[in-house]
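With mmCIF, C-alpha atoms and all ligand atoms inside, this is protein.cif:
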```
data_start
#
loop_
_atom_site.label_atom_id
_atom_site.label_comp_id
_atom_site.auth_asym_id
_atom_site.auth_seq_id
_atom_site.Cartn_x
_atom_site.Cartn_y
_atom_site.Cartn_z
CA MET I 1 -214.79 -165.72 -181.35
CA ILE I 2 -213.57 -168.24 -178.82
CA THR I 3 -210.16 -167.20 -177.56
CA ALA I 4 -207.40 -169.45 -176.33
CA GLU I 5 -203.76 -169.42 -175.26
CA GLN I 6 -201.17 -172.12 -175.55
CA LYS I 7 -200.59 -174.13 -172.40
CA PRO I 8 -197.14 -174.03 -170.80
CA LEU I 9 -194.78 -176.28 -172.78
CA LYS I 10 -193.95 -178.22 -169.63
CA GLU I 11 -197.57 -179.35 -169.23
CA ILE I 12 -197.86 -180.33 -172.89
CA ILE I 13 -194.60 -182.27 -172.73
CA GLU I 14 -195.81 -184.14 -169.66
CA TYR I 15 -199.02 -185.18 -171.43
CA ILE I 16 -197.31 -186.59 -174.46
CA SER I 17 -194.13 -187.96 -172.88
CA PRO I 18 -195.28 -191.62 -172.92
CA TYR I 19 -195.95 -191.51 -176.68
CA ASP I 20 -193.71 -191.62 -179.74
CA ARG I 21 -196.17 -190.82 -182.50
CA ILE I 22 -198.28 -187.71 -182.07
CA LEU I 23 -201.03 -186.38 -184.27
CA LEU I 24 -200.95 -182.61 -183.69
CA VAL I 25 -204.21 -181.08 -184.82
CA GLY I 26 -204.90 -177.38 -185.29
CA CYS I 27 -208.09 -175.60 -186.24
CA ASN I 28 -208.63 -172.99 -188.95
CA GLU I 29 -211.29 -171.00 -187.11
CA CYS I 30 -211.22 -168.99 -183.86
CA VAL I 31 -207.88 -170.27 -182.59
CA THR I 32 -206.26 -169.31 -185.89
CA VAL I 33 -207.57 -165.76 -185.55
CA CYS I 34 -206.35 -165.42 -181.97
CA ALA I 35 -203.03 -167.03 -182.97
CA ALA I 36 -203.26 -169.88 -180.49
CA GLY I 37 -203.87 -173.02 -182.53
CA GLY I 38 -203.83 -172.40 -186.27
CA ARG I 39 -201.47 -173.89 -188.83
CA LYS I 40 -198.69 -171.56 -187.80
CA GLU I 41 -198.92 -172.39 -184.10
CA VAL I 42 -199.12 -176.09 -184.94
CA GLY I 43 -195.79 -175.75 -186.78
CA LEU I 44 -194.20 -173.86 -183.94
CA LEU I 45 -195.35 -176.30 -181.27
CA ALA I 46 -194.23 -179.27 -183.38
CA SER I 47 -190.83 -177.66 -183.71
CA ALA I 48 -190.57 -177.00 -179.96
CA LEU I 49 -191.58 -180.58 -179.10
CA ASN I 50 -189.09 -181.86 -181.64
CA LEU I 51 -186.29 -179.74 -180.15
CA ASN I 52 -187.17 -181.07 -176.72
CA CYS I 53 -186.95 -184.67 -177.87
CA LEU I 54 -183.73 -184.13 -179.83
CA LYS I 55 -182.18 -182.73 -176.67
CA GLN I 56 -183.10 -185.93 -174.86
CA GLY I 57 -181.60 -187.96 -177.68
CA ARG I 58 -184.89 -189.47 -178.72
CA THR I 59 -186.98 -188.95 -181.80
CA ILE I 60 -190.64 -188.18 -181.96
CA ASP I 61 -192.89 -188.52 -184.94
CA ILE I 62 -195.23 -185.53 -185.10
CA LYS I 63 -197.79 -185.38 -187.86
CA GLU I 64 -199.16 -181.86 -188.28
CA ILE I 65 -202.70 -181.35 -189.51
CA THR I 66 -204.92 -178.27 -189.35
CA LEU I 67 -208.61 -178.95 -189.87
CA GLU I 68 -211.09 -176.46 -191.25
CA ARG I 69 -213.10 -176.74 -188.01
CA GLN I 70 -212.42 -179.10 -185.16
CA CYS I 71 -215.89 -178.71 -183.61
CA ASP I 72 -217.61 -180.31 -186.62
CA PRO I 73 -217.68 -184.11 -187.03
CA GLU I 74 -217.45 -183.77 -190.83
CA TYR I 75 -213.99 -182.22 -190.60
CA VAL I 76 -212.83 -184.38 -187.70
CA GLU I 77 -213.59 -187.37 -189.94
CA GLU I 78 -210.60 -186.30 -192.05
CA LEU I 79 -208.30 -187.68 -189.35
CA VAL I 80 -209.41 -191.25 -190.08
CA SER I 81 -206.51 -191.97 -192.41
CA GLU I 82 -203.95 -190.70 -189.87
CA ILE I 83 -205.32 -192.06 -186.65
CA ASP I 84 -203.81 -195.55 -186.83
CA ARG I 85 -200.34 -194.11 -187.20
CA ALA I 86 -200.67 -192.09 -183.98
CA ASP I 87 -200.31 -193.13 -180.35
CA ALA I 88 -201.97 -189.96 -179.08
CA ILE I 89 -203.64 -186.81 -180.34
CA LEU I 90 -202.65 -183.32 -179.26
CA SER I 91 -205.29 -180.75 -180.11
CA MET I 92 -204.71 -177.03 -180.46
CA ALA I 93 -208.41 -176.22 -180.81
CA CYS I 94 -210.70 -174.88 -178.09
CA GLY I 95 -212.31 -177.31 -175.68
CA CYS I 96 -215.13 -177.94 -178.17
CA GLY I 97 -212.67 -179.24 -180.77
CA VAL I 98 -210.81 -181.43 -178.28
CA GLN I 99 -214.09 -183.03 -177.22
CA THR I 100 -215.29 -183.59 -180.76
CA ILE I 101 -212.09 -185.54 -181.42
CA ALA I 102 -212.36 -187.44 -178.13
CA GLU I 103 -215.90 -188.47 -178.99
CA ARG I 104 -214.98 -189.66 -182.49
CA TYR I 105 -211.71 -191.45 -181.74
CA LYS I 106 -212.50 -193.19 -178.48
CA GLU I 107 -209.52 -195.55 -178.66
CA LYS I 108 -206.88 -192.78 -178.67
CA PRO I 109 -205.95 -190.45 -175.84
CA VAL I 110 -206.54 -186.77 -176.69
CA PHE I 111 -204.78 -183.92 -174.92
CA PRO I 112 -205.42 -180.19 -175.07
CA ALA I 113 -202.48 -177.97 -176.02
CA VAL I 114 -204.32 -174.70 -175.32
CA ASN I 115 -206.34 -173.21 -172.51
CA THR I 116 -209.68 -172.01 -173.81
CA LYS I 117 -210.27 -168.59 -172.33
CA PHE I 118 -213.45 -166.72 -173.27
CA MET I 119 -215.75 -165.43 -175.98
CA GLY I 120 -214.18 -162.19 -176.98
CA ALA I 121 -213.53 -159.62 -179.62
CA SER I 122 -210.33 -158.17 -180.99
CA VAL I 123 -209.70 -154.78 -179.38
CA SER I 124 -206.60 -154.06 -181.46
CA GLN I 125 -203.96 -156.24 -183.06
CA GLY I 126 -202.78 -158.77 -180.50
CA ILE I 127 -205.35 -157.82 -177.86
CA TRP I 128 -208.62 -159.68 -177.23
CA ALA I 129 -211.15 -158.93 -174.54
CA GLU I 130 -214.14 -160.75 -173.13
CA ARG I 131 -217.42 -159.56 -174.55
CA CYS I 132 -220.07 -162.23 -174.06
CA GLN I 133 -220.74 -165.08 -171.64
CA GLY I 134 -223.45 -166.73 -173.70
CA CYS I 135 -226.17 -166.06 -171.14
CA GLY I 136 -228.80 -167.33 -173.54
CA ASP I 137 -231.07 -164.30 -173.20
CA CYS I 138 -229.23 -161.33 -174.63
CA LEU I 139 -229.61 -157.98 -172.92
CA LEU I 140 -227.59 -155.86 -175.34
CA GLY I 141 -230.78 -154.35 -176.75
CA ILE I 142 -231.52 -152.64 -173.46
CA THR I 143 -227.98 -151.90 -172.32
CA GLY I 144 -226.82 -149.83 -175.26
CA GLY I 145 -224.88 -152.66 -176.83
CA ILE I 146 -222.58 -153.18 -173.84
CA CYS I 147 -222.85 -156.46 -171.98
CA PRO I 148 -223.29 -156.23 -168.21
CA VAL I 149 -222.96 -160.00 -167.83
CA ALA I 150 -219.53 -160.32 -169.41
CA ARG I 151 -218.16 -156.87 -168.67
CA CYS I 152 -219.39 -156.02 -165.18
CA SER I 153 -217.25 -157.91 -162.70
CA LYS I 154 -220.31 -158.61 -160.57
CA HIS I 155 -222.69 -159.30 -163.48
CA LEU I 156 -224.93 -156.55 -162.08
CA LEU I 157 -228.10 -155.85 -164.01
CA ASN I 158 -228.76 -152.54 -162.28
CA GLY I 159 -225.36 -150.98 -161.87
CA PRO I 160 -223.09 -149.39 -161.16
CA CYS I 161 -222.17 -150.60 -157.73
CA GLY I 162 -220.57 -148.40 -155.08
CA GLY I 163 -217.15 -149.51 -156.19
CA THR I 164 -217.07 -147.63 -159.44
CA SER I 165 -214.34 -145.02 -159.32
CA ASN I 166 -213.52 -142.42 -161.97
CA GLY I 167 -215.39 -144.57 -164.44
CA MET I 168 -213.28 -147.62 -163.72
CA CYS I 169 -214.16 -150.87 -161.96
CA GLU I 170 -213.08 -151.42 -158.39
CA ILE I 171 -211.37 -154.71 -159.23
CA ASP I 172 -208.72 -152.98 -161.34
CA PRO I 173 -208.14 -149.34 -162.32
CA ASP I 174 -207.47 -150.51 -165.88
CA VAL I 175 -210.89 -152.17 -166.24
CA ASP I 176 -213.72 -150.00 -167.49
CA CYS I 177 -216.81 -149.96 -165.32
CA ALA I 178 -219.34 -151.62 -167.63
CA TRP I 179 -222.16 -149.59 -166.13
CA ARG I 180 -220.35 -146.33 -166.76
CA LEU I 181 -220.00 -147.43 -170.40
CA ILE I 182 -223.68 -148.39 -170.54
CA TRP I 183 -224.76 -145.06 -169.07
CA GLU I 184 -222.59 -143.02 -171.43
CA ARG I 185 -223.83 -144.92 -174.41
CA LEU I 186 -227.51 -144.69 -173.47
CA LYS I 187 -227.04 -140.96 -172.85
CA ALA I 188 -225.39 -140.49 -176.24
CA LEU I 189 -228.31 -142.31 -177.84
CA GLY I 190 -230.86 -140.22 -175.92
CA MET I 191 -232.09 -143.39 -174.24
CA GLU I 192 -231.55 -142.40 -170.59
CA LYS I 193 -235.08 -143.59 -169.77
CA ARG I 194 -233.91 -147.16 -170.31
CA TYR I 195 -231.43 -146.74 -167.54
CA GLU I 196 -234.11 -145.73 -165.09
CA GLU I 197 -236.08 -148.92 -165.62
CA ILE I 198 -235.14 -151.45 -163.00
CA MET I 199 -234.20 -154.80 -164.52
CA GLU I 200 -235.78 -157.79 -162.88
CA ALA I 201 -233.78 -160.70 -161.59
CA LYS I 202 -232.39 -162.61 -164.54
CA ASP I 203 -233.32 -166.19 -165.20
CA TRP I 204 -229.92 -167.89 -165.27
CA ARG I 205 -231.19 -171.24 -166.51
CA PRO I 206 -230.58 -170.36 -170.18
CA ALA I 207 -227.09 -169.23 -169.11
CA GLY I 208 -226.14 -172.73 -168.02
CA GLY I 209 -227.78 -172.75 -164.60
CA GLY I 210 -230.22 -175.32 -165.96
CA GLY I 211 -227.50 -177.80 -166.93
CA PRO I 212 -225.61 -178.31 -170.21
CA ARG I 213 -227.25 -176.43 -173.05
CA LYS I 214 -228.19 -177.65 -176.47
CA ILE I 215 -229.79 -176.24 -179.58
CA VAL I 216 -232.01 -178.54 -181.63
CA ARG I 217 -233.06 -177.34 -185.06
CA GLU I 218 -235.37 -179.93 -186.50
CA ASP I 219 -235.48 -178.13 -189.84
CA LEU I 220 -231.78 -178.73 -190.18
CA SER I 221 -231.43 -182.16 -188.60
CA LEU I 222 -231.15 -185.15 -190.88
CA MET V 223 -165.26 -180.67 -178.33
CA GLU V 224 -162.00 -178.69 -177.98
CA ASN V 225 -161.97 -177.83 -181.65
CA PHE V 226 -165.59 -176.87 -181.67
CA GLU V 227 -166.46 -174.62 -184.58
CA PRO V 228 -170.01 -173.40 -184.09
CA GLU V 229 -172.51 -173.16 -186.88
CA ILE V 230 -174.24 -169.82 -186.73
CA VAL V 231 -177.17 -168.66 -188.77
CA ALA V 232 -177.58 -164.91 -189.25
CA PHE V 233 -180.84 -163.64 -190.72
CA CYS V 234 -179.73 -160.34 -192.24
CA CYS V 235 -181.96 -157.59 -193.53
CA HIS V 236 -181.21 -156.61 -197.11
CA TYR V 237 -181.28 -152.91 -196.28
CA CYS V 238 -178.82 -152.89 -193.39
CA ALA V 239 -176.96 -155.91 -192.03
CA TYR V 240 -176.63 -157.61 -195.42
CA THR V 241 -175.26 -154.43 -196.97
CA ALA V 242 -173.00 -154.03 -193.93
CA ALA V 243 -171.73 -157.57 -194.51
CA ASP V 244 -171.06 -156.64 -198.12
CA MET V 245 -169.16 -153.60 -196.98
CA ALA V 246 -167.13 -155.67 -194.52
CA GLY V 247 -166.28 -157.94 -197.45
CA SER V 248 -165.27 -155.18 -199.82
CA LYS V 249 -163.16 -153.54 -197.13
CA HIS V 250 -161.52 -156.92 -196.45
CA ILE V 251 -162.51 -156.83 -192.78
CA TYR V 252 -162.21 -160.30 -191.32
CA TYR V 253 -165.22 -162.05 -189.84
CA PRO V 254 -165.51 -165.75 -188.98
CA ALA V 255 -166.75 -168.20 -191.58
CA ASN V 256 -168.93 -169.79 -188.90
CA VAL V 257 -171.61 -167.22 -189.66
CA LYS V 258 -173.92 -168.33 -192.45
CA ILE V 259 -175.92 -165.42 -193.76
CA ILE V 260 -179.52 -165.68 -194.90
CA ARG V 261 -180.62 -162.55 -196.67
CA VAL V 262 -184.19 -161.42 -195.95
CA PRO V 263 -186.06 -158.45 -197.43
CA CYS V 264 -186.69 -157.17 -193.88
CA THR V 265 -186.21 -158.76 -190.46
CA GLY V 266 -190.00 -158.52 -190.16
CA LYS V 267 -190.02 -161.40 -192.65
CA VAL V 268 -188.21 -163.65 -190.19
CA ASP V 269 -190.82 -165.74 -188.48
CA THR V 270 -190.48 -167.65 -185.23
CA ILE V 271 -190.67 -170.93 -187.13
CA HIS V 272 -187.63 -170.00 -189.26
CA ILE V 273 -185.54 -169.47 -186.13
CA MET V 274 -186.84 -172.69 -184.58
CA LYS V 275 -186.05 -174.67 -187.74
CA ALA V 276 -182.50 -173.34 -187.72
CA PHE V 277 -182.03 -174.75 -184.20
CA GLU V 278 -183.83 -177.97 -185.11
CA LYS V 279 -181.42 -178.46 -187.99
CA GLY V 280 -178.47 -178.10 -185.66
CA ALA V 281 -177.49 -174.43 -185.53
CA ASP V 282 -175.49 -173.67 -182.38
CA GLY V 283 -176.50 -170.03 -182.46
CA VAL V 284 -178.82 -167.76 -184.40
CA TYR V 285 -179.02 -164.03 -184.69
CA VAL V 286 -181.38 -161.70 -186.46
CA ALA V 287 -179.70 -158.52 -187.68
CA GLY V 288 -181.98 -155.64 -188.57
CA CYS V 289 -181.87 -151.90 -188.98
CA LEU V 290 -181.33 -149.53 -186.10
CA GLU V 291 -184.48 -149.02 -184.05
CA GLY V 292 -186.76 -146.53 -185.76
CA ASP V 293 -184.92 -146.95 -189.08
CA CYS V 294 -186.77 -149.92 -190.56
CA HIS V 295 -187.30 -149.59 -194.30
CA PHE V 296 -190.79 -151.02 -193.79
CA LYS V 297 -191.55 -148.95 -190.70
CA ASN V 298 -191.56 -151.56 -187.92
CA GLY V 299 -190.30 -154.88 -189.27
CA ASN V 300 -187.32 -154.82 -186.89
CA THR V 301 -189.61 -154.24 -183.89
CA ARG V 302 -191.68 -157.26 -184.91
CA ALA V 303 -188.47 -159.25 -185.29
CA LYS V 304 -187.43 -158.22 -181.78
CA TYR V 305 -190.68 -159.57 -180.32
CA ARG V 306 -190.37 -162.78 -182.31
CA VAL V 307 -186.82 -163.27 -181.08
CA GLU V 308 -188.14 -162.82 -177.53
CA GLN V 309 -190.88 -165.36 -178.22
CA VAL V 310 -188.37 -167.97 -179.35
CA GLN V 311 -186.11 -167.13 -176.42
CA ASN V 312 -189.05 -167.94 -174.14
CA ILE V 313 -189.56 -171.27 -175.88
CA LEU V 314 -185.85 -172.07 -175.60
CA LYS V 315 -185.93 -171.18 -171.90
CA ASP V 316 -188.92 -173.48 -171.33
CA LEU V 317 -187.00 -176.26 -173.06
CA GLY V 318 -183.93 -175.71 -170.91
CA TRP V 319 -181.73 -174.20 -173.64
CA GLU V 320 -179.50 -171.16 -173.11
CA ILE V 321 -181.40 -168.17 -174.47
CA GLU V 322 -178.05 -166.54 -175.30
CA ARG V 323 -177.93 -168.78 -178.35
CA LEU V 324 -180.37 -166.38 -179.95
CA GLU V 325 -180.01 -162.63 -180.25
CA MET V 326 -181.50 -159.61 -181.99
CA ILE V 327 -178.87 -157.20 -183.28
CA ASN V 328 -179.30 -153.78 -184.86
CA MET V 329 -176.99 -152.01 -187.27
CA SER V 330 -177.09 -149.74 -190.28
CA ALA V 331 -175.90 -150.39 -193.83
CA GLY V 332 -172.71 -148.40 -193.35
CA MET V 333 -171.52 -150.37 -190.33
CA GLY V 334 -169.19 -152.88 -191.99
CA GLU V 335 -166.94 -152.91 -188.92
CA ARG V 336 -169.85 -153.47 -186.63
CA PHE V 337 -171.06 -156.37 -188.76
CA ALA V 338 -167.63 -158.01 -188.50
CA SER V 339 -167.20 -157.34 -184.78
CA THR V 340 -170.72 -158.62 -184.04
CA ALA V 341 -170.03 -161.81 -185.99
CA LEU V 342 -166.80 -162.25 -184.07
CA GLU V 343 -168.30 -161.60 -180.66
CA PHE V 344 -171.31 -163.80 -181.27
CA THR V 345 -169.11 -166.66 -182.52
CA LYS V 346 -166.92 -166.27 -179.44
CA LYS V 347 -169.94 -166.38 -177.16
CA ILE V 348 -171.32 -169.52 -178.81
CA LYS V 349 -167.87 -171.17 -178.62
CA GLN V 350 -167.95 -170.56 -174.88
CA LEU V 351 -171.49 -171.94 -174.58
CA GLY V 352 -170.44 -175.03 -176.51
CA PRO V 353 -172.38 -177.04 -179.08
CA SER V 354 -176.16 -177.01 -179.20
CA PRO V 355 -177.79 -179.56 -176.87
CA ILE V 356 -178.79 -181.55 -179.96
CA LYS V 357 -175.19 -181.88 -181.11
CA ILE V 358 -173.99 -182.91 -177.66
CA ILE V 359 -176.50 -185.76 -177.59
CA ASN V 360 -175.61 -186.84 -181.13
CA THR V 361 -171.90 -186.88 -180.31
CA GLU V 362 -172.52 -188.94 -177.18
CA LYS V 363 -174.60 -191.36 -179.22
CA HIS V 364 -171.85 -191.72 -181.81
CA GLN V 365 -169.31 -192.30 -179.07
CA GLN V 366 -171.46 -195.02 -177.55
CA VAL V 367 -171.74 -196.71 -180.94
CA ALA V 368 -167.97 -196.42 -181.42
CA ASP V 369 -167.30 -197.87 -177.94
S1 LIG S 1 -226.26 -160.28 -172.47
FE1 LIG S 1 -225.82 -162.45 -172.52
S2 LIG S 1 -225.89 -163.06 -174.70
FE2 LIG S 1 -225.84 -160.81 -174.59
S3 LIG S 1 -223.64 -160.31 -174.81
FE3 LIG S 1 -224.06 -160.45 -172.62
S4 LIG S 1 -223.64 -162.59 -172.03
FE4 LIG S 1 -223.77 -162.47 -174.26
S1 LIG S 2 -217.43 -150.96 -160.67
FE1 LIG S 2 -218.79 -151.14 -162.45
S2 LIG S 2 -218.00 -152.93 -163.57
FE2 LIG S 2 -217.09 -153.01 -161.55
S3 LIG S 2 -218.44 -154.32 -160.39
FE3 LIG S 2 -219.17 -152.20 -160.03
S4 LIG S 2 -220.70 -151.84 -161.59
FE4 LIG S 2 -219.61 -153.67 -162.20
#
```

structure tokens encoding of this file:
Amino acid sequence: MITAEQKPLKEIIEYISPYDRILLVGCNECVTVCAAGGRKEVGLLASALNLNCLKQGRTIDIKEITLERQCDPEYVEELVSEIDRADAILSMACGCGVQTIAERYKEKPVFPAVNTKFMGASVSQGIWAERCQGCGDCLLGITGGICPVARCSKHLLNGPCGGTSNGMCEIDPDVDCAWRLIWERLKALGMEKRYEEIMEAKDWRPAGGGGPRKIVREDLSL
Amino acid sequence: MENFEPEIVAFCCHYCAYTAADMAGSKHIYYPANVKIIRVPCTGKVDTIHIMKAFEKGADGVYVAGCLEGDCHFKNGNTRAKYRVEQVQNILKDLGWEIERLEMINMSAGMGERFASTALEFTKKIKQLGPSPIKIINTEKHQQVAD
């Protein structure tokens, strides 16, 4: 999933301070799962912004809405009936959601209320860790299911580097060395031979090096 | 504001603080009427939004009273409550409110005296802090209208 964290309240307050009527929009997908921008967080942020305004002796009109998915125009369309009553939109979705709203409602300013962090998986309750960088040409099939792009600090394709120490990465003793994990896993699977094959330089164009990426599926397009 | 009587909301767990409040009552131990009790099945049921709404609606202070650490009837509801209290304290801090207006308190069902003394101490503390920032603004507004 795409993970996110709420921005500092101070920054959010600065964004919306010129406006009296705010449409606060959450998303039911990834940001709900990582507890950054679902219905619950929308309620909490609305309450905090309200407290802030009450303290200043002014009132603010916050309309809370949580869409099924903010990165899909079909769902973003649901804001049509609310948009005229708002001076600005505050989005609690990832950057994709914020941009889908910005593209649809060009006449209203849209502000992000979260920082979009990474594509990650839940390690345990309340902990998410980066697992994929969307390189566009997945290597997991030859690295024992452990991603060297997202999990090796240097994105090495033929690791480990000389910095690996007691199985941990040199950047931080709490970070697993991805290449130690890859080696252990290949060994456990009896696939050590894979490790001995030198990987060629990766083509980074599908990873974004060739400009913004897009998927076109003609069979699905209208 | 000399005669300020704070409004305090106490989220009390059914298995400890609420029973302790009952005990304080049946033993005729005095505690201030400022404390309005909301009974919850476990402090783990108290969500951050409930605490925030209490402040939004004008509470001068809020406390969450759960079982002694390690004694939660539902294993770890009081630990969750502790973290949620900390989360709201962080929000209050960011908004420039005194975080002392919110507290997590632990007690067992038999501690009627402790319930009463906690209610007393907390009320005293909030009296010293004065009315919630919302109330101060509202009073100033009313005064301006009156002037
Ligand atoms: S190899 Fe590329 S696509 Fe596969 S998990 Fe890693 S970053 Fe993602
Ligand atoms: S120690 Fe391991 S994870 Fe860290 S940079 Fe070197 S190979 Fe990559």

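Residues from chain V found within 8 Å of chain I are Thr270, Ile271, Met274, Lys275, Phe277, Glu278, Ile313, Asp316, Leu317, Pro355, Ile356, Ile359, Asn360 and Lys363 of chain V, counting all atoms listed in the file.
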
Quick one: contact table of chain I to ligand LIG 1 (chain S), 6 Å max, nearest atom pair and distance in Å to one decimal per residue, counting all atoms listed in the file, chain and number order, as CSV?
```
residue,atom,partner,partner_atom,distance
I:Cys132,CA,S:LIG1,FE4,3.7
I:Gln133,CA,S:LIG1,S4,3.8
I:Gly134,CA,S:LIG1,FE4,4.3
I:Cys135,CA,S:LIG1,FE1,3.9
I:Gly136,CA,S:LIG1,S2,5.3
I:Asp137,CA,S:LIG1,S2,5.5
I:Cys138,CA,S:LIG1,FE2,3.4
I:Leu139,CA,S:LIG1,S1,4.1
I:Leu140,CA,S:LIG1,FE2,5.3
I:Cys147,CA,S:LIG1,FE3,4.2
I:Val149,CA,S:LIG1,FE3,4.9
I:Ala150,CA,S:LIG1,S4,5.4
```

List all protein, DNA and RNA residues that have any atom at most 10 Å from ligand LIG 2 (chain S), counting all atoms listed in the file, and write the list as a VMD selection string. chain I and resid 148 to 173 175 to 182

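Of note, CA of Lys106 in chain I and CA of Gly37 in chain I are spaced 22.3 Å apart.
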
Interatomic distance, CA of Thr3 in chain I to CA of Ile16 in chain I (Å, one decimal): 23.5 Å

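Of the residues under consideration (V:Val262, V:Leu342, V:Ala368, V:Ala281), V:Ala281 shows the shortest atom-to-atom contact distance to Pro228 in chain V when counting all atoms listed in the file.
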
Cys294 in chain V: which residues within 9 Å, counting all atoms listed in the file, same-chain residues fewer than 5 positions away excluded, as a count of residues only? 9

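The space between CA of Gln366 in chain V and CA of Thr59 in chain I spans 17.2 Å.
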
May I have the residues within 10 Å of Lys7 in chain I as a ChimeraX atom specification, using only C-alpha atoms and disregarding those fewer than 5 positions away in the same chain? /I:12,36,92,112-116

Counting only C-alpha atoms, closest pick from I:Arg131, I:Lys214, I:Lys193, I:Arg85 relative to Phe118 in chain I is I:Arg131

How big is the axis-aligned box around all listed atoms of range 45-50 of chain I once 5 Å goes on each side, and where's its centre, in Å to one decimal, as lines of an AutoDock Vina configuration file?
```
center_x = -192.2
center_y = -179.1
center_z = -181.4
size_x = 16.3
size_y = 15.6
size_z = 14.6
```

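Around Leu189 in chain I, within 12 Å and counting all atoms listed in the file, the residues found are Ile142, Thr143, Gly144, Gly145, Ile182, Trp183 and Tyr195 of chain I, once anything fewer than 6 positions away on its own chain is removed.
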
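Counting only C-alpha atoms and comparing I:Cys34, I:Gly208, I:Tyr105, I:Leu67, the residue that lies closest to Lys117 in chain I is I:Cys34.
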
Which residues are close to Thr340 in chain V, i.e. within 10 Å by only C-alpha atoms, leaving aside same-chain residues fewer than 3 positions away? Reply as a short mmCIF file (atom, residue, chain, number, x, y, z; two decimals) with C-alpha atoms, in the frame of the given file.
```cif
data_model
loop_
_atom_site.label_atom_id
_atom_site.label_comp_id
_atom_site.auth_asym_id
_atom_site.auth_seq_id
_atom_site.Cartn_x
_atom_site.Cartn_y
_atom_site.Cartn_z
CA TYR V 253 -165.22 -162.05 -189.84
CA TYR V 285 -179.02 -164.03 -184.69
CA ALA V 287 -179.70 -158.52 -187.68
CA ILE V 327 -178.87 -157.20 -183.28
CA ASN V 328 -179.30 -153.78 -184.86
CA MET V 329 -176.99 -152.01 -187.27
CA GLY V 334 -169.19 -152.88 -191.99
CA GLU V 335 -166.94 -152.91 -188.92
CA ARG V 336 -169.85 -153.47 -186.63
CA PHE V 337 -171.06 -156.37 -188.76
CA GLU V 343 -168.30 -161.60 -180.66
CA PHE V 344 -171.31 -163.80 -181.27
CA THR V 345 -169.11 -166.66 -182.52
CA LYS V 346 -166.92 -166.27 -179.44
#
```

Near Asp20 in chain I, within 7 Å and counting only C-alpha atoms, which residues show up once chain neighbours fewer than 6 positions away are dropped, as a count of residues only? 3

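Compared by their closest atoms to Arg21 in chain I, and using all atoms listed in the file, the residues I:Gly120, I:Gly95, I:Pro109, I:Gly38 rank with I:Pro109 nearest.
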
Give as a PyMOL selection string each residue that has an atom at most 6 Å from (-182.9, -159.4, -180.8) in the file, counting only C-alpha atoms. chain V and resi 304+307+325-327
